[in-house]
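Q: Sharing a structure, written as structure tokens. Questions coming.
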Amino acid sequence: MVWRPHEGYPVDVTSTLPRRRLLKLLGGGVGVVAGGAAGLFALRGSAPPVVGLAVLSAHEYRTMAALAGAMFPSSTLPAGAPQLDLALAFDGYLADEPAWARDEAKQALMLLELGPTLFERRLTTFSNLSVDERVAHFTRWGESDNGLRRQVAAGFRKFLCLVFYDQPAAWPSLAYEGPMLPGAPG
């Protein structure tokens with residue numbers, strides 16, 4: 001260290017990384033991170049507006065609808081049964097949840113949407129995969145060594161099963177005649 005009295009502080013004259021160069025490198029790093037984030041958001045594209053959403057954005061709804069379509073294709077319902085909007089049911093469920101639960105669900109949807117890019121280094125998002133690729137991708141999440149991905153997959157799987165099998169339109173495919181209790185819905 002060399003003391004420079006006119007500057008009032010000691011300076012390491014052996015430093016190989018001057019302050020200006022360090023600032024340039026940090027600025028470049030921030031630029032790369034910001035560019036990468038912008039690229040991820042551009043990669044997911046646009047989503048059509050959805051009427052009636054209480055919590056989810058159009059992008060989040062699209063991701064949940066893509067997951068629901070992969071888990072429960074329309075072929076699982078009997079012919080002529082009304083289509084179930086499980087993504088809208090998820091939105092309705094979240095509307096009654098506390099803010100922290102809504103935030104965690106939205107973060108999990110974003111992670112799922114960007115999963116192919118972040119974990120498989122593919123230049124696509126979950127919503128832009130084919131149905132077979134979505135099924136394979138989501139299956140890999142459920143079997144992953146990564147605890148967060150397994151937790152997200154289990155949470156979405158449990159919720160979607162709960163909502164799907166709660167719909168009277170799904171009961172005939174299960175040979176379920178409905179609740180036996182008097183006055184129960186169904």
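To be explicit about the labels: the chains of the structure tokens are called A, B, and onward in the order shown, and within each one the residues are counted from 1, while ligands get numbers from 1 in the order they are shown.
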Could you find all residues in stretch 49-176 of chain A that DSSP calls alpha helix (DSSP H) from the backbone, and write them as a PyMOL selection string?
A: chain A and resi 58-71+86-95+99-120+131-142+147-166+171-174
Q: Could you name the residues that touch A:Phe156 at 12 Å or less, counting only C-alpha atoms, but leaving out those on the same chain fewer than 6 positions away, as a list in words?
A: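 Within the cut-off, the hits are Thr63, Met64, Ala65, Leu67, Ala68, Ala70, Met71, Leu86, Ala87, Phe90, Glu104, Ala105, Lys106, Ala108, Leu109, Leu112, Phe138, Thr139, Trp141, Gly142, Arg149, Arg150, Leu162, Val163 and Phe164 of chain A.
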Q: Just to be explicit: take each residue in the selection above, keep C-alpha atoms, and write the result as a PDB file, in the first residue's frame.
A:
```
ATOM      1  CA  THR A  63     -49.000 -21.838 -18.831  1.00  0.00           C
ATOM      2  CA  MET A  64     -51.570 -23.445 -16.523  1.00  0.00           C
ATOM      3  CA  ALA A  65     -53.867 -24.243 -19.464  1.00  0.00           C
ATOM      4  CA  LEU A  67     -50.135 -27.971 -18.185  1.00  0.00           C
ATOM      5  CA  ALA A  68     -53.784 -28.937 -17.693  1.00  0.00           C
ATOM      6  CA  ALA A  70     -50.939 -32.109 -20.986  1.00  0.00           C
ATOM      7  CA  MET A  71     -52.166 -33.800 -17.812  1.00  0.00           C
ATOM      8  CA  LEU A  86     -58.820 -26.109 -15.139  1.00  0.00           C
ATOM      9  CA  ALA A  87     -56.669 -22.993 -15.536  1.00  0.00           C
ATOM     10  CA  PHE A  90     -56.889 -22.553 -10.574  1.00  0.00           C
ATOM     11  CA  GLU A 104     -45.610 -18.571  -4.707  1.00  0.00           C
ATOM     12  CA  ALA A 105     -48.042 -20.068  -7.222  1.00  0.00           C
ATOM     13  CA  LYS A 106     -47.207 -17.365  -9.744  1.00  0.00           C
ATOM     14  CA  ALA A 108     -43.970 -21.664  -9.717  1.00  0.00           C
ATOM     15  CA  LEU A 109     -45.858 -20.988 -12.964  1.00  0.00           C
ATOM     16  CA  LEU A 112     -42.472 -24.034 -15.145  1.00  0.00           C
ATOM     17  CA  PHE A 138     -43.427 -32.280 -16.647  1.00  0.00           C
ATOM     18  CA  THR A 139     -42.704 -35.968 -15.985  1.00  0.00           C
ATOM     19  CA  TRP A 141     -39.842 -32.466 -13.196  1.00  0.00           C
ATOM     20  CA  GLY A 142     -41.686 -34.982 -11.038  1.00  0.00           C
ATOM     21  CA  ARG A 149     -38.849 -28.918  -9.387  1.00  0.00           C
ATOM     22  CA  ARG A 150     -40.284 -32.017  -7.691  1.00  0.00           C
ATOM     23  CA  LEU A 162     -58.339 -32.363  -7.212  1.00  0.00           C
ATOM     24  CA  VAL A 163     -60.075 -29.893  -9.540  1.00  0.00           C
ATOM     25  CA  PHE A 164     -60.444 -32.320 -12.446  1.00  0.00           C
TER      26      PHE A 164
END
```
Q: When you draw a straight line from atom CA of A:Ser46 to atom CA of A:Arg62, how long is it in Å?
A: 9.8 Å
Q: Report the distance between atom CA of A:Asp132 and atom CA of A:Pro116 in Å, rounded to one decimal place.
A: 13.6 Å
Q: Quote the spacing between atom CA of A:Gly178 and atom CA of A:Asp166 in Å to one decimal place.
A: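 Pair atom CA of A:Gly178 / atom CA of A:Asp166 returns 9.6 Å.
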